[in-house]
Structures are given as structure tokens and as C-alpha cells.
Amino acid sequence: MASKVLDLLYWRDVGTTGLVFTGLVVGLACLFQLSAITILSNLGLGIMAFTLPVRFLYKALTLVRISDGSHPFQSYLDEDRTLTDEDTVRMAEQIVLLIATAVTEIKRLFFIDSIMDSVKFVVFLYLLTYVGVQANGLTLVMTGVICAFSLPLLYRLQQGRIDKIVKAIKKLVDKITEIVDLVVSLAKPSPAQGPSPTPTPKNKQKTK
């Protein structure tokens with residue numbers, strides 16, 4: 001499954017990826033104006049408007065003995081898309097694992113297991129409030145779909161330049177991190193030295 005998704009995102013099959021990408025963008029654009037039920041019902045009617053006349057045409061050709069009576073969509077009917085017991089168990093385990101991991105992480109953030117992580121989470125939620133004012137969830141989904149199909153293709157076409165830019169940014173971030181660490185280390189007060197240990201008195205020699 002993951003390999004098929006990567007094939008789509010990296011445009012390894014241009015025809016299939018173009019069809020999926022166009023369908024997703026058009027479907028999301030339609031959701032701005034129509035409800036999901038309306039879109040799904042019209043999509044189903046569009047498919048039936050094609051398959052039903054084709055099936056009637058082949059049936060008529062069979063009656064006049066021009067065709068051998070083969071089903072025009074038999075290859076699609078013969079495809080086995082059923083899940084085996086092992087596939088079902090594996091998918092269920094993955095879904096349960098993802099849900100449990102998400103619940104554990106959210107609980108850790110809300111109940112302040114790590115102060116820095118919770119502060120970052122608060123900043124992220126605060127920024128999301130501004131994003132929610134400017135755009136709705138459907139706009140974000142469409143933007144995510146366009147970026148998911150565009151950025152991998154852009155990276156494949158401009159891999160050399162992007163790698164150079166990423167290396168330069170990484171070096172800059174490392175230098176800034178070193179400077180910040182140095183400033184923090186200099187700003188820290190030196191640990192207070194404890195009292196010097198008193199010398200132990202030497203035993204006096206006994207006089208004879």
C-alpha cells in the first residue's frame with residue numbers, strides 16, 4: 001500500500017497519477033459548492049450513465065449475432081479485491097496501534113509530561129486559531145493534496161539545487177545553535193566553590 005502511494009506522489013505512472021490528482025482536486029473544489037452526498041450521488045450517476053448503455057449495446061450486438069456475448073466489464077468483475085484474514089488482522093492492528101499512539105501523545109501533551117513539548121503544543125494550537133480564521137479545513141485539505149503531489153515532483157526535478165539549499169540551511173542552523181549554546185554557557189553563573197578543607201593536625205611526637 002505504501003509503495004503504491006509513493007508511486008502516485010512521485011509521478012512514476014504519469015497517467016494514473018494525473019487521473020488521481022485531477023479527481024482529488026476537482027472533487028475537493030466541488031465540495032466548496034455542493035455537499036458530499038450530492039457529489040457522490042452525481043458521480044455514481046455519471047458512472048452508471050456510461051456503463052449501462054455500454055452493457056445494453058453489447059447485449060444488443062449479441063442478440064443480432066454480431067458479438068460473441070462477452071461482458072464488456074468482465075475483467076473488472078473478475079478482479080479479486082477481497083481481504084484475507086491475515087490482511088484484515090494486520091490492518092486492524094495498525095489502526096489500533098495508531099489510535100493508541102495518538103491518544104498517548106495527546107494525553108502526554110495535555111497533562112504536561114514534558115514542559116517544553118507542551119509549550120510547543122500550545123504555540124501550535126495558538127497558530128492554528130489564526131489559520132482557522134483565514135481558511136477552513138477544506139481549503140487546508142486541498143492545499144495539502146496539491147503540495148503532496150507537487151513537492152515530490154519538484155524535488156525530483158531540482159534535486160541538486162534543493163540538496164545544496166538544505167545543506168546550507170542546516171549549516172546555518174548548526175552555527176546558530178552553537179552560538180546560542182555558547183551564550184547560555186557563558187551566562188550561567190559559575191558553581192560556588194565550597195569551603196577549603198581544613199588540614200588535619202599532625203600527631204605531635206611524644207617527648208621522651
# chains A, B, ... in the order shown; residues from 1 in each chain; ligands from 1

$ residues_around --residues "segment 15-31 of chain A" --least-positions-apart "5" --cutoff "8 Å" --atoms "only C-alpha atoms" --output "PyMOL selection string"
chain A and resi 8-9+36+39+138+142+145-146+149

$ write_last_selection --atoms "N, CA, C and O atoms" --output "PDB file, in the first residue's frame"
ATOM      1  N   LEU A   8       2.359   7.081  -6.701  1.00  0.00           N
ATOM      2  CA  LEU A   8       1.477   8.174  -7.102  1.00  0.00           C
ATOM      3  C   LEU A   8       2.112   9.538  -6.836  1.00  0.00           C
ATOM      4  O   LEU A   8       2.071  10.435  -7.684  1.00  0.00           O
ATOM      5  N   LEU A   9       2.728   9.697  -5.656  1.00  0.00           N
ATOM      6  CA  LEU A   9       3.273  11.002  -5.284  1.00  0.00           C
ATOM      7  C   LEU A   9       4.487  11.372  -6.127  1.00  0.00           C
ATOM      8  O   LEU A   9       4.723  12.558  -6.393  1.00  0.00           O
ATOM      9  N   ALA A  36     -21.282  16.646   0.135  1.00  0.00           N
ATOM     10  CA  ALA A  36     -20.637  15.384  -0.212  1.00  0.00           C
ATOM     11  C   ALA A  36     -21.648  14.376  -0.761  1.00  0.00           C
ATOM     12  O   ALA A  36     -21.332  13.603  -1.685  1.00  0.00           O
ATOM     13  N   ILE A  39     -22.335  15.207  -4.405  1.00  0.00           N
ATOM     14  CA  ILE A  39     -21.204  14.865  -5.278  1.00  0.00           C
ATOM     15  C   ILE A  39     -21.130  13.363  -5.498  1.00  0.00           C
ATOM     16  O   ILE A  39     -20.956  12.884  -6.631  1.00  0.00           O
ATOM     17  N   LEU A 138     -11.439  22.498   4.593  1.00  0.00           N
ATOM     18  CA  LEU A 138     -11.441  22.028   3.207  1.00  0.00           C
ATOM     19  C   LEU A 138     -10.339  22.691   2.393  1.00  0.00           C
ATOM     20  O   LEU A 138      -9.690  22.050   1.554  1.00  0.00           O
ATOM     21  N   MET A 142      -7.231  20.737   0.515  1.00  0.00           N
ATOM     22  CA  MET A 142      -6.877  20.931  -0.890  1.00  0.00           C
ATOM     23  C   MET A 142      -5.424  21.389  -1.023  1.00  0.00           C
ATOM     24  O   MET A 142      -4.685  20.914  -1.901  1.00  0.00           O
ATOM     25  N   VAL A 145      -3.213  18.379  -0.502  1.00  0.00           N
ATOM     26  CA  VAL A 145      -3.196  17.485  -1.671  1.00  0.00           C
ATOM     27  C   VAL A 145      -2.309  18.044  -2.772  1.00  0.00           C
ATOM     28  O   VAL A 145      -1.492  17.324  -3.371  1.00  0.00           O
ATOM     29  N   ILE A 146      -2.423  19.350  -3.045  1.00  0.00           N
ATOM     30  CA  ILE A 146      -1.598  19.966  -4.093  1.00  0.00           C
ATOM     31  C   ILE A 146      -0.124  19.899  -3.719  1.00  0.00           C
ATOM     32  O   ILE A 146       0.739  19.570  -4.560  1.00  0.00           O
ATOM     33  N   PHE A 149       1.352  16.290  -4.084  1.00  0.00           N
ATOM     34  CA  PHE A 149       1.625  15.850  -5.443  1.00  0.00           C
ATOM     35  C   PHE A 149       2.644  16.743  -6.150  1.00  0.00           C
ATOM     36  O   PHE A 149       3.207  16.328  -7.167  1.00  0.00           O
TER      37      PHE A 149
END

$ select_by_dssp --residues "segment 37-205 of chain A" --states "helix (DSSP H, G or I)" --output "NGL selection string"
:A and (37-63 or 74-78 or 85-110 or 115-134 or 137-157 or 159-187)

$ atom_distance --atom1 "atom CA of Lys170 of chain A" --atom2 "atom CA of Ile115 of chain A"
26.1 Å

$ residues_around --residues "Phe73 of chain A" --least-positions-apart "4" --cutoff "12 Å" --atoms "only C-alpha atoms" --output "PyMOL selection string"
chain A and resi 50-52+54-55+58+69+77-79

$ write_last_selection --atoms "C-alpha atoms" --output "PDB file, in the first residue's frame"
ATOM      1  CA  PHE A  50     -21.602   5.188 -19.125  1.00  0.00           C
ATOM      2  CA  THR A  51     -21.649   1.538 -18.035  1.00  0.00           C
ATOM      3  CA  LEU A  52     -25.368   0.882 -18.501  1.00  0.00           C
ATOM      4  CA  VAL A  54     -22.400   0.041 -22.969  1.00  0.00           C
ATOM      5  CA  ARG A  55     -23.883  -3.088 -21.371  1.00  0.00           C
ATOM      6  CA  TYR A  58     -23.153  -5.356 -26.081  1.00  0.00           C
ATOM      7  CA  GLY A  69     -21.867 -12.291 -25.883  1.00  0.00           C
ATOM      8  CA  LEU A  77     -15.725  -8.169 -12.241  1.00  0.00           C
ATOM      9  CA  ASP A  78     -13.067 -10.871 -12.110  1.00  0.00           C
ATOM     10  CA  GLU A  79     -10.671  -8.770 -10.028  1.00  0.00           C
TER      11      GLU A  79
END
